[in-house]
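Source file structure-v7.cif; content: mmCIF, C-alpha atoms and all ligand atoms.
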```
data_work
#
loop_
_atom_site.label_atom_id
_atom_site.label_comp_id
_atom_site.auth_asym_id
_atom_site.auth_seq_id
_atom_site.Cartn_x
_atom_site.Cartn_y
_atom_site.Cartn_z
CA MET A 1 0.00 0.00 0.00
CA LYS A 2 1.01 3.64 -0.41
CA VAL A 3 1.05 5.01 3.13
CA LEU A 4 1.40 8.56 4.45
CA VAL A 5 2.85 8.69 7.99
CA LEU A 6 2.08 12.04 9.63
CA GLY A 7 4.61 12.57 12.40
CA GLY A 8 6.91 9.93 10.90
CA ALA A 9 10.08 11.62 12.15
CA GLY A 10 9.07 11.29 15.79
CA TYR A 11 10.04 8.64 18.28
CA ILE A 12 7.11 6.29 17.64
CA GLY A 13 6.60 7.46 14.05
CA SER A 14 10.12 6.54 12.95
CA HIS A 15 9.62 3.02 14.29
CA VAL A 16 6.29 2.81 12.45
CA VAL A 17 8.00 3.84 9.19
CA LYS A 18 10.65 1.14 9.69
CA ALA A 19 7.96 -1.52 10.27
CA MET A 20 5.85 -0.37 7.30
CA LEU A 21 8.86 -0.52 4.96
CA ALA A 22 9.82 -3.95 6.28
CA SER A 23 6.29 -5.15 5.42
CA GLY A 24 6.64 -3.94 1.86
CA HIS A 25 4.60 -0.74 2.01
CA ALA A 26 5.66 2.45 0.20
CA VAL A 27 6.01 5.18 2.81
CA THR A 28 5.94 8.97 2.70
CA VAL A 29 6.60 10.91 5.90
CA PHE A 30 4.87 14.23 6.63
CA ASP A 31 6.48 16.09 9.52
CA ASN A 32 7.31 19.66 10.55
CA LEU A 33 10.31 18.50 12.63
CA SER A 34 9.10 20.52 15.62
CA SER A 35 9.85 17.57 17.87
CA GLY A 36 10.67 14.99 15.21
CA LEU A 37 14.31 14.67 14.19
CA ILE A 38 15.83 14.78 10.74
CA GLY A 39 18.03 11.86 11.77
CA ASN A 40 14.91 9.77 12.42
CA LEU A 41 13.87 9.95 8.76
CA PHE A 42 14.14 6.34 7.84
CA PRO A 43 16.05 5.56 4.63
CA GLY A 44 13.68 4.41 1.91
CA ALA A 45 10.82 6.71 2.89
CA ASP A 46 9.95 9.91 1.00
CA PHE A 47 9.71 13.09 3.04
CA ILE A 48 7.31 16.03 2.88
CA SER A 49 8.07 18.97 5.13
CA GLY A 50 4.71 20.25 6.28
CA ASP A 51 2.67 21.30 9.28
CA ILE A 52 -0.55 19.53 10.24
CA ARG A 53 -1.99 22.87 11.40
CA HIS A 54 -1.82 24.22 7.84
CA ALA A 55 -4.70 22.76 5.84
CA ASP A 56 -2.95 23.57 2.55
CA ASP A 57 0.17 21.62 3.54
CA VAL A 58 -1.94 18.62 4.53
CA ASP A 59 -4.06 18.77 1.40
CA ALA A 60 -1.04 18.99 -0.90
CA ALA A 61 0.37 15.89 0.78
CA PHE A 62 -2.83 13.83 0.42
CA ALA A 63 -3.17 15.00 -3.20
CA ARG A 64 -0.23 12.71 -4.01
CA GLY A 65 -2.63 9.79 -3.51
CA PHE A 66 -2.41 7.27 -0.65
CA ASP A 67 -4.23 4.06 0.21
CA GLY A 68 -3.81 4.64 3.92
CA CYS A 69 -2.34 6.96 6.50
CA VAL A 70 -0.98 6.74 10.02
CA HIS A 71 -1.57 9.83 12.13
CA LEU A 72 0.94 10.47 14.91
CA ALA A 73 1.47 14.22 14.47
CA ALA A 74 0.46 15.56 17.87
CA TYR A 75 1.64 17.16 21.06
CA LYS A 76 1.88 14.63 23.89
CA ALA A 77 3.01 16.26 27.11
CA VAL A 78 0.28 15.66 29.68
CA GLY A 79 1.44 18.43 32.07
CA GLU A 80 1.81 21.03 29.32
CA SER A 81 -1.68 20.26 28.03
CA MET A 82 -3.10 21.45 31.36
CA VAL A 83 -1.42 24.86 31.18
CA ALA A 84 -1.48 25.46 27.41
CA PRO A 85 -4.65 23.72 26.21
CA GLU A 86 -4.92 26.02 23.19
CA LYS A 87 -1.78 24.47 21.70
CA TYR A 88 -3.37 21.03 22.03
CA SER A 89 -6.67 22.23 20.55
CA VAL A 90 -4.98 23.59 17.46
CA ASN A 91 -2.30 20.97 16.91
CA ASN A 92 -4.13 17.83 17.96
CA ILE A 93 -7.77 18.59 17.15
CA THR A 94 -7.65 21.10 14.27
CA GLY A 95 -4.68 19.23 12.84
CA THR A 96 -6.63 15.98 12.85
CA LEU A 97 -9.63 17.61 11.18
CA ASN A 98 -7.33 18.91 8.45
CA MET A 99 -6.02 15.39 8.05
CA LEU A 100 -9.49 13.80 7.93
CA ASN A 101 -10.92 16.33 5.47
CA SER A 102 -7.99 15.92 3.10
CA ALA A 103 -7.96 12.14 3.44
CA CYS A 104 -11.66 12.10 2.42
CA ALA A 105 -11.16 14.61 -0.39
CA HIS A 106 -8.39 12.51 -1.94
CA GLY A 107 -9.86 9.03 -1.40
CA CYS A 108 -7.55 7.85 1.39
CA LYS A 109 -10.01 5.60 3.24
CA ASN A 110 -7.83 3.82 5.80
CA VAL A 111 -6.64 5.71 8.86
CA VAL A 112 -4.54 4.46 11.78
CA PHE A 113 -4.61 6.86 14.72
CA SER A 114 -2.25 7.02 17.67
CA SER A 115 -4.57 7.23 20.65
CA SER A 116 -3.58 6.76 24.26
CA ALA A 117 -4.41 5.09 27.54
CA ALA A 118 -4.88 8.68 28.70
CA VAL A 119 -8.46 8.44 27.36
CA PHE A 120 -9.34 6.29 30.40
CA GLY A 121 -8.21 8.55 33.23
CA SER A 122 -7.92 6.86 36.64
CA PRO A 123 -8.91 3.24 36.16
CA GLU A 124 -12.03 1.82 37.79
CA TYR A 125 -10.54 -1.65 37.37
CA VAL A 126 -7.45 -3.34 35.96
CA PRO A 127 -6.52 -4.79 33.59
CA ILE A 128 -8.12 -2.11 31.44
CA ASP A 129 -10.09 -3.45 28.48
CA GLU A 130 -11.69 -1.48 25.66
CA LYS A 131 -15.05 -1.39 27.47
CA HIS A 132 -13.56 0.46 30.42
CA PRO A 133 -15.27 3.88 30.79
CA THR A 134 -13.38 6.79 29.26
CA ASN A 135 -12.86 9.74 31.55
CA PRO A 136 -9.67 11.60 30.65
CA GLU A 137 -8.04 13.60 33.43
CA SER A 138 -5.82 15.68 31.20
CA TYR A 139 -6.58 17.94 28.27
CA TYR A 140 -4.16 15.80 26.26
CA GLY A 141 -6.29 12.71 26.96
CA PHE A 142 -9.42 14.70 26.13
CA THR A 143 -8.00 15.58 22.68
CA LYS A 144 -7.28 11.90 21.99
CA LEU A 145 -10.80 10.87 22.98
CA GLU A 146 -12.40 13.62 20.91
CA ILE A 147 -10.39 12.51 17.90
CA GLU A 148 -11.64 8.94 18.38
CA ARG A 149 -15.17 10.37 18.24
CA PHE A 150 -14.44 12.35 15.06
CA LEU A 151 -13.11 9.17 13.51
CA ALA A 152 -16.34 7.33 14.33
CA TRP A 153 -18.40 10.10 12.71
CA TYR A 154 -16.22 10.20 9.60
CA ASP A 155 -16.59 6.42 9.40
CA ARG A 156 -20.36 6.79 9.49
CA LEU A 157 -20.67 9.79 7.20
CA LYS A 158 -17.71 9.55 4.86
CA GLY A 159 -16.78 5.87 4.74
CA ILE A 160 -13.41 6.28 6.45
CA ARG A 161 -12.16 3.08 8.12
CA PHE A 162 -10.03 3.62 11.17
CA ALA A 163 -7.97 1.87 13.80
CA ALA A 164 -7.58 3.81 17.06
CA LEU A 165 -4.59 2.38 18.92
CA ARG A 166 -4.56 3.21 22.60
CA TYR A 167 -0.94 2.95 23.61
CA PHE A 168 0.04 2.37 27.19
CA ASN A 169 3.61 3.42 28.15
CA ALA A 170 5.75 3.38 25.00
CA ALA A 171 9.44 2.65 25.64
CA GLY A 172 12.56 1.06 24.10
CA TYR A 173 14.30 1.46 20.75
CA ALA A 174 14.69 -0.68 17.61
CA LEU A 175 16.94 -3.60 18.58
CA ASP A 176 19.21 -3.22 15.54
CA GLY A 177 20.19 0.33 16.55
CA SER A 178 18.85 1.77 13.28
CA ILE A 179 16.89 4.50 15.09
CA ASP A 180 18.94 6.45 17.59
CA GLY A 181 17.47 9.93 17.92
CA LEU A 182 16.96 11.09 21.50
CA GLU A 183 13.85 13.06 22.30
CA ARG A 184 14.56 16.66 23.22
CA ASN A 185 13.46 17.39 26.76
CA PRO A 186 12.22 13.90 27.63
CA GLN A 187 9.40 13.65 30.16
CA ASN A 188 8.98 9.91 30.59
CA LEU A 189 10.42 7.57 33.15
CA LEU A 190 12.80 5.44 31.09
CA PRO A 191 14.59 8.29 29.25
CA ILE A 192 15.03 10.08 32.58
CA VAL A 193 16.42 6.90 34.18
CA MET A 194 18.84 6.63 31.24
CA GLU A 195 19.99 10.23 31.71
CA VAL A 196 20.79 9.43 35.34
CA ALA A 197 22.56 6.23 34.30
CA ALA A 198 24.60 8.20 31.76
CA GLY A 199 25.56 10.73 34.44
CA TRP A 200 23.72 13.65 32.78
CA ARG A 201 21.39 14.02 35.77
CA LYS A 202 22.36 13.61 39.40
CA GLU A 203 19.42 11.51 40.50
CA LEU A 204 15.99 10.24 39.63
CA GLN A 205 13.06 11.56 41.57
CA ILE A 206 10.51 8.81 42.19
CA TYR A 207 7.09 10.38 42.55
CA GLY A 208 5.40 8.84 45.58
CA ARG A 209 6.01 5.64 47.56
CA ASP A 210 2.69 5.46 49.38
CA TYR A 211 0.51 4.08 46.60
CA ASP A 212 -1.47 0.93 47.25
CA THR A 213 0.86 -1.24 45.15
CA ARG A 214 3.36 -4.01 45.99
CA ASP A 215 6.20 -1.58 46.77
CA GLY A 216 4.30 1.69 47.11
CA THR A 217 5.31 3.10 43.69
CA CYS A 218 3.07 3.42 40.63
CA VAL A 219 2.43 0.46 38.35
CA ARG A 220 2.55 1.04 34.58
CA ASP A 221 2.35 -1.12 31.48
CA TYR A 222 5.49 -0.51 29.40
CA VAL A 223 5.29 -1.64 25.81
CA HIS A 224 8.17 -1.75 23.34
CA VAL A 225 7.98 0.80 20.53
CA SER A 226 8.85 -1.87 17.93
CA ASP A 227 5.87 -3.92 19.14
CA LEU A 228 3.70 -0.79 18.89
CA ALA A 229 5.05 -0.17 15.39
CA GLN A 230 4.09 -3.66 14.25
CA ALA A 231 0.56 -3.06 15.56
CA HIS A 232 0.22 -0.12 13.13
CA VAL A 233 1.11 -2.37 10.20
CA ASN A 234 -1.30 -5.08 11.33
CA ALA A 235 -4.04 -2.53 11.98
CA LEU A 236 -3.70 -0.82 8.62
CA GLU A 237 -3.82 -4.14 6.79
CA TYR A 238 -6.79 -5.21 8.93
CA VAL A 239 -8.93 -2.14 8.22
CA ALA A 240 -8.04 -2.17 4.51
CA LYS A 241 -8.89 -5.87 4.10
CA SER A 242 -11.88 -6.21 6.41
CA GLY A 243 -13.47 -2.81 5.79
CA LYS A 244 -14.07 -2.66 9.55
CA SER A 245 -12.94 -0.01 12.02
CA LEU A 246 -11.55 -0.89 15.42
CA THR A 247 -10.33 0.51 18.71
CA VAL A 248 -7.75 -1.49 20.65
CA ASN A 249 -5.59 -1.22 23.74
CA LEU A 250 -1.89 -1.89 23.22
CA GLY A 251 -0.04 -2.90 26.35
CA SER A 252 2.28 -5.68 27.44
CA GLU A 253 -0.31 -6.74 30.05
CA LYS A 254 2.45 -6.72 32.68
CA GLY A 255 2.36 -4.11 35.42
CA VAL A 256 5.81 -2.88 36.49
CA THR A 257 6.42 -0.53 39.42
CA VAL A 258 8.73 2.47 39.20
CA THR A 259 11.08 0.89 41.75
CA GLU A 260 11.17 -2.38 39.80
CA MET A 261 12.05 -0.47 36.64
CA VAL A 262 14.87 1.40 38.38
CA GLU A 263 16.29 -1.77 39.93
CA ALA A 264 16.21 -3.52 36.55
CA ALA A 265 17.94 -0.51 34.97
CA ARG A 266 20.73 -0.70 37.58
CA ARG A 267 21.22 -4.36 36.78
CA VAL A 268 21.12 -4.00 32.98
CA THR A 269 23.31 -0.87 32.73
CA GLY A 270 25.65 -1.70 35.62
CA ARG A 271 25.33 1.94 36.73
CA PRO A 272 24.31 3.01 40.25
CA ILE A 273 21.33 5.28 39.20
CA PRO A 274 20.81 7.29 42.40
CA ALA A 275 17.12 7.79 43.18
CA ALA A 276 15.16 9.70 45.82
CA TYR A 277 11.54 9.27 46.78
CA VAL A 278 9.63 12.55 46.61
CA GLU A 279 6.01 13.69 46.75
CA ARG A 280 3.41 12.19 44.44
CA ARG A 281 3.05 13.87 41.04
CA PRO A 282 -0.47 15.31 40.75
CA GLY A 283 -2.68 13.34 38.39
CA ASP A 284 -0.75 10.03 38.52
CA ALA A 285 -3.00 6.97 38.78
CA SER A 286 -1.60 4.25 41.03
CA ASP A 287 -2.13 1.18 38.88
CA LEU A 288 -2.53 1.20 35.09
CA TYR A 289 -2.18 -1.82 32.88
CA ALA A 290 -3.98 -3.25 29.91
CA THR A 291 -5.46 -6.38 28.57
CA SER A 292 -4.54 -6.62 24.90
CA ALA A 293 -6.78 -9.60 24.20
CA HIS A 294 -8.79 -7.59 21.67
CA ALA A 295 -5.63 -6.62 19.72
CA ARG A 296 -4.53 -10.27 19.75
CA GLU A 297 -7.87 -11.47 18.43
CA THR A 298 -8.46 -8.80 15.79
CA ILE A 299 -5.07 -7.77 14.40
CA GLY A 300 -3.06 -10.79 15.58
CA TRP A 301 -0.80 -8.60 17.70
CA ASP A 302 1.79 -10.44 19.74
CA PRO A 303 4.34 -8.21 21.50
CA LYS A 304 7.82 -9.73 21.41
CA TYR A 305 10.14 -7.15 22.93
CA SER A 306 8.16 -5.72 25.83
CA ASP A 307 9.96 -7.46 28.69
CA VAL A 308 11.71 -5.06 31.06
CA ASP A 309 15.26 -6.15 30.18
CA THR A 310 14.75 -5.64 26.42
CA LEU A 311 13.06 -2.29 27.00
CA ILE A 312 16.02 -1.10 29.04
CA SER A 313 18.88 -2.66 27.05
CA SER A 314 17.59 -1.38 23.70
CA THR A 315 17.30 2.12 25.16
CA TRP A 316 20.68 1.98 26.90
CA ASN A 317 22.34 0.93 23.62
CA VAL A 318 21.17 4.21 22.10
CA TYR A 319 22.15 6.37 25.09
CA GLN A 320 25.64 4.92 25.00
CA LYS A 321 26.17 6.50 21.58
CA TYR A 322 25.95 9.95 23.20
CA SER A 323 28.33 11.83 25.48
CA ALA A 324 25.68 14.43 26.40
CA PRO A 325 22.05 15.12 25.39
CA GLY A 326 22.07 15.66 21.61
CA VAL A 327 25.86 15.14 21.33
CA LYS A 328 26.97 11.92 19.69
CA LYS A 329 30.34 10.43 20.69
N1 LIG B 1 8.01 8.83 37.17
C1 LIG B 1 8.86 9.09 38.23
N2 LIG B 1 9.87 9.97 38.05
C2 LIG B 1 10.09 10.62 36.86
C3 LIG B 1 9.21 10.34 35.78
C4 LIG B 1 8.18 9.44 35.97
O1 LIG B 1 8.70 8.55 39.33
O2 LIG B 1 11.02 11.43 36.76
C5 LIG B 1 6.93 7.86 37.36
C6 LIG B 1 5.54 8.48 37.20
O3 LIG B 1 5.10 9.01 38.42
C7 LIG B 1 4.73 7.27 36.74
C8 LIG B 1 5.73 6.43 35.94
O4 LIG B 1 7.02 6.89 36.35
O5 LIG B 1 4.31 6.54 37.83
C9 LIG B 1 5.59 6.62 34.46
O6 LIG B 1 5.58 8.01 34.17
P1 LIG B 1 5.66 8.61 32.71
O7 LIG B 1 5.67 10.10 32.85
O8 LIG B 1 6.77 7.98 31.96
O9 LIG B 1 4.34 8.09 32.01
P2 LIG B 1 2.81 8.25 32.45
O10 LIG B 1 2.33 6.91 32.87
O11 LIG B 1 2.59 9.38 33.37
O12 LIG B 1 2.19 8.69 31.05
C10 LIG B 1 2.19 7.84 29.93
C11 LIG B 1 2.43 8.61 28.65
C12 LIG B 1 1.31 9.59 28.41
C13 LIG B 1 0.00 8.88 28.47
C14 LIG B 1 -0.14 8.08 29.70
C15 LIG B 1 -1.37 7.25 29.61
O13 LIG B 1 3.65 9.33 28.73
O14 LIG B 1 1.46 10.15 27.11
O15 LIG B 1 0.96 7.19 29.88
O16 LIG B 1 -1.59 6.55 30.74
F1 LIG B 1 -0.99 9.79 28.44
#
```
Please render this file's structure as structure tokens.
Amino acid sequence: MKVLVLGGAGYIGSHVVKAMLASGHAVTVFDNLSSGLIGNLFPGADFISGDIRHADDVDAAFARGFDGCVHLAAYKAVGESMVAPEKYSVNNITGTLNMLNSACAHGCKNVVFSSSAAVFGSPEYVPIDEKHPTNPESYYGFTKLEIERFLAWYDRLKGIRFAALRYFNAAGYALDGSIDGLERNPQNLLPIVMEVAAGWRKELQIYGRDYDTRDGTCVRDYVHVSDLAQAHVNALEYVAKSGKSLTVNLGSEKGVTVTEMVEAARRVTGRPIPAAYVERRPGDASDLYATSAHARETIGWDPKYSDVDTLISSTWNVYQKYSAPGVKK
């Protein structure tokens, strides 16, 4: 298939491009490189420099003619979304409407959308399945849920077929080292742990040790980015072949605490990784993990790299190429 990957120079997007190419699809990346990296542009993919907020840019891209698209061009910082919601309205929501209108205008019927576990908010039960009520607690999560609803309406009214993929905690890097861009200003646990391991930060702050979990720290479901990437390929092929839309959770189904992750990182990297327990971070749910049974049954998704050691070692391999953030050895 001819596939347009919006946000294909980002962390997850670059892994999606790699997986699409490996499955024989012809890929064009659309990215404004605001957080995506030029070095993440995977060899073999075409590149269009464009901004999802500009309807003309998006329309010119879709005018090239695609069978499907993967939409990952969005802001994703939960904390920022609570203080600058307007940025998330314009980039995530208006940007998606530009994408949907152009996809329809140019006959691109198959859409894979990067949604998030953030649509659920604090879980009422775990593991979280697709029937779990949605009640986002951040504006970021709200934008993802609204986009899922737009997709359902465009399915009904315009014949779009979509797959909404609700990622849990994305982590890791391609095992062959072919993608090695580091996110600027990382916000997530594993990159921060790596920066401490590398000696770029003095210590990790662990947010809260009084949660009702086995060691008092928060439980999350970390899923390898290469496994996520494969889900996009499977999902695109599924919607194109079956003509059915779907919404699935993508998690490893294994809950890991923050302390367990840090201890594993000490073991895998051989570095001390100093850590201090501090106050809870507002808005953190204590226990969040998925069941991915629906993804298994529909798109045949079978995560292979989402064990803690592979998540950490594949990330550490990339960090070891750098002497400082953004500075390769
Ligand atoms: N954590 C720390 N110290 C840090 C960073 C994180 O203790 O310096 C803890 C957090 O409190 C949390 C866990 O590590 O318990 C994971 O935190 P992340 O910030 O890496 O990820 P979140 O679970 O908060 O958020 C992730 C994605 C969001 C998505 C959300 C959905 O980053 O995009 O899952 O549940 F919305």
Centre and edge lengths, as JSON, for the axis-aligned box enclosing every listed atom of ligand LIG 1 (chain B) with 4 Å of padding on each of the six sides, in Å to one decimal?
```
{"center_x": 4.7, "center_y": 8.9, "center_z": 33.2, "size_x": 20.6, "size_y": 13.0, "size_z": 20.2}
```
Set out as a tab-separated table a contact list for segment 151-232 of chain A and segment 16-27 of chain A with a cut-off of 9 Å, giving each residue of segment 151-232 of chain A that qualifies its closest atom pair and distance in Å to one decimal, counting all atoms listed in the file, ordered by chain and rising residue number.
```
residue	atom	partner	partner_atom	distance
A:Ser178	CA	A:Lys18	CA	9.0
A:Ile179	CA	A:Lys18	CA	8.9
A:Val225	CA	A:Val16	CA	8.5
A:Ser226	CA	A:Val16	CA	7.6
A:Leu228	CA	A:Val16	CA	7.8
A:Ala229	CA	A:Val16	CA	4.4
A:Gln230	CA	A:Ala19	CA	5.9
A:Ala231	CA	A:Val16	CA	8.8
A:His232	CA	A:Val16	CA	6.8
```
Can you check which parts of chain A lie within 6 Å of ligand LIG 1 (chain B)? Per residue, the shortest pair of atoms and distance in Å to one decimal, counting all atoms listed in the file, sorted by chain and number, as CSV.
```
residue,atom,partner,partner_atom,distance
A:Lys76,CA,B:LIG1,O14,5.5
A:Ser116,CA,B:LIG1,F1,5.8
A:Ala117,CA,B:LIG1,C15,4.3
A:Ala118,CA,B:LIG1,C15,3.9
A:Phe168,CA,B:LIG1,O15,5.6
A:Asn169,CA,B:LIG1,O15,4.9
A:Gln187,CA,B:LIG1,O7,5.8
A:Asn188,CA,B:LIG1,O8,3.2
A:Leu189,CA,B:LIG1,O8,3.9
A:Ile192,CA,B:LIG1,O2,5.9
A:Leu204,CA,B:LIG1,O2,5.9
A:Gln205,CA,B:LIG1,N2,5.0
A:Ile206,CA,B:LIG1,O1,3.4
A:Tyr207,CA,B:LIG1,O1,4.0
A:Cys218,CA,B:LIG1,O5,4.4
A:Val258,CA,B:LIG1,O4,5.5
A:Arg281,CA,B:LIG1,O3,5.9
A:Asp284,CA,B:LIG1,O3,5.9
```
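With distances restricted to all atoms listed in the file, A:Gly283 is the closest residue to Glu137 of chain A from A:Leu190, A:Tyr173, A:Gly65, A:Gly283.
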Q: Please indicate the distance in Å from atom CA of Gly216 of chain A to atom CA of Lys254 of chain A, rounded to one decimal place.
A: 16.8 Å
Q.
Between atom CA of Arg220 of chain A and atom CA of Glu279 of chain A, what distance in Å does the model show, to one decimal?
A.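 Those two atoms sit 17.9 Å apart.
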Q: Counting all atoms listed in the file, figure out which residue out of A:Asp302, A:Glu86, A:Asp227, A:Glu146 gets nearest to Ala171 of chain A.
A: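 Under the stated criterion, the closest residue is A:Asp227.
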Using the structure just given, write a file holding N, CA, C and O atoms for segment 175-188 of chain A, as a PDB file, in the first residue's frame.
```
ATOM      1  N   LEU A 175      15.833  -2.777  18.048  1.00  0.00           N
ATOM      2  CA  LEU A 175      16.937  -3.595  18.577  1.00  0.00           C
ATOM      3  C   LEU A 175      18.185  -3.551  17.707  1.00  0.00           C
ATOM      4  O   LEU A 175      19.291  -3.769  18.200  1.00  0.00           O
ATOM      5  N   ASP A 176      18.037  -3.244  16.422  1.00  0.00           N
ATOM      6  CA  ASP A 176      19.208  -3.215  15.539  1.00  0.00           C
ATOM      7  C   ASP A 176      19.929  -1.875  15.564  1.00  0.00           C
ATOM      8  O   ASP A 176      20.872  -1.667  14.797  1.00  0.00           O
ATOM      9  N   GLY A 177      19.496  -0.953  16.412  1.00  0.00           N
ATOM     10  CA  GLY A 177      20.194   0.335  16.545  1.00  0.00           C
ATOM     11  C   GLY A 177      19.975   1.279  15.371  1.00  0.00           C
ATOM     12  O   GLY A 177      20.631   2.318  15.271  1.00  0.00           O
ATOM     13  N   SER A 178      19.015   0.949  14.486  1.00  0.00           N
ATOM     14  CA  SER A 178      18.848   1.773  13.282  1.00  0.00           C
ATOM     15  C   SER A 178      18.147   3.099  13.564  1.00  0.00           C
ATOM     16  O   SER A 178      18.165   3.998  12.723  1.00  0.00           O
ATOM     17  N   ILE A 179      17.513   3.219  14.717  1.00  0.00           N
ATOM     18  CA  ILE A 179      16.890   4.498  15.093  1.00  0.00           C
ATOM     19  C   ILE A 179      17.551   4.936  16.407  1.00  0.00           C
ATOM     20  O   ILE A 179      17.505   4.206  17.398  1.00  0.00           O
ATOM     21  N   ASP A 180      18.194   6.089  16.378  1.00  0.00           N
ATOM     22  CA  ASP A 180      18.941   6.454  17.586  1.00  0.00           C
ATOM     23  C   ASP A 180      18.806   7.935  17.937  1.00  0.00           C
ATOM     24  O   ASP A 180      19.690   8.510  18.567  1.00  0.00           O
ATOM     25  N   GLY A 181      17.696   8.536  17.514  1.00  0.00           N
ATOM     26  CA  GLY A 181      17.468   9.926  17.920  1.00  0.00           C
ATOM     27  C   GLY A 181      16.959   9.970  19.352  1.00  0.00           C
ATOM     28  O   GLY A 181      16.119   9.164  19.732  1.00  0.00           O
ATOM     29  N   LEU A 182      17.476  10.913  20.132  1.00  0.00           N
ATOM     30  CA  LEU A 182      16.958  11.085  21.496  1.00  0.00           C
ATOM     31  C   LEU A 182      15.954  12.224  21.490  1.00  0.00           C
ATOM     32  O   LEU A 182      16.192  13.259  20.878  1.00  0.00           O
ATOM     33  N   GLU A 183      14.841  12.005  22.195  1.00  0.00           N
ATOM     34  CA  GLU A 183      13.847  13.061  22.298  1.00  0.00           C
ATOM     35  C   GLU A 183      14.456  14.255  23.014  1.00  0.00           C
ATOM     36  O   GLU A 183      15.155  14.092  24.020  1.00  0.00           O
ATOM     37  N   ARG A 184      14.130  15.461  22.499  1.00  0.00           N
ATOM     38  CA  ARG A 184      14.559  16.656  23.216  1.00  0.00           C
ATOM     39  C   ARG A 184      13.657  16.801  24.437  1.00  0.00           C
ATOM     40  O   ARG A 184      12.462  16.598  24.345  1.00  0.00           O
ATOM     41  N   ASN A 185      14.246  17.135  25.563  1.00  0.00           N
ATOM     42  CA  ASN A 185      13.459  17.394  26.764  1.00  0.00           C
ATOM     43  C   ASN A 185      12.522  16.237  27.136  1.00  0.00           C
ATOM     44  O   ASN A 185      11.315  16.404  27.233  1.00  0.00           O
ATOM     45  N   PRO A 186      13.089  15.051  27.359  1.00  0.00           N
ATOM     46  CA  PRO A 186      12.223  13.897  27.634  1.00  0.00           C
ATOM     47  C   PRO A 186      11.472  14.052  28.963  1.00  0.00           C
ATOM     48  O   PRO A 186      11.982  14.641  29.903  1.00  0.00           O
ATOM     49  N   GLN A 187      10.264  13.510  28.976  1.00  0.00           N
ATOM     50  CA  GLN A 187       9.402  13.654  30.157  1.00  0.00           C
ATOM     51  C   GLN A 187       9.131  12.303  30.818  1.00  0.00           C
ATOM     52  O   GLN A 187       8.617  12.256  31.918  1.00  0.00           O
ATOM     53  N   ASN A 188       9.423  11.221  30.117  1.00  0.00           N
ATOM     54  CA  ASN A 188       8.981   9.908  30.586  1.00  0.00           C
ATOM     55  C   ASN A 188      10.037   9.202  31.420  1.00  0.00           C
ATOM     56  O   ASN A 188      11.218   9.526  31.365  1.00  0.00           O
TER      57      ASN A 188
END
```
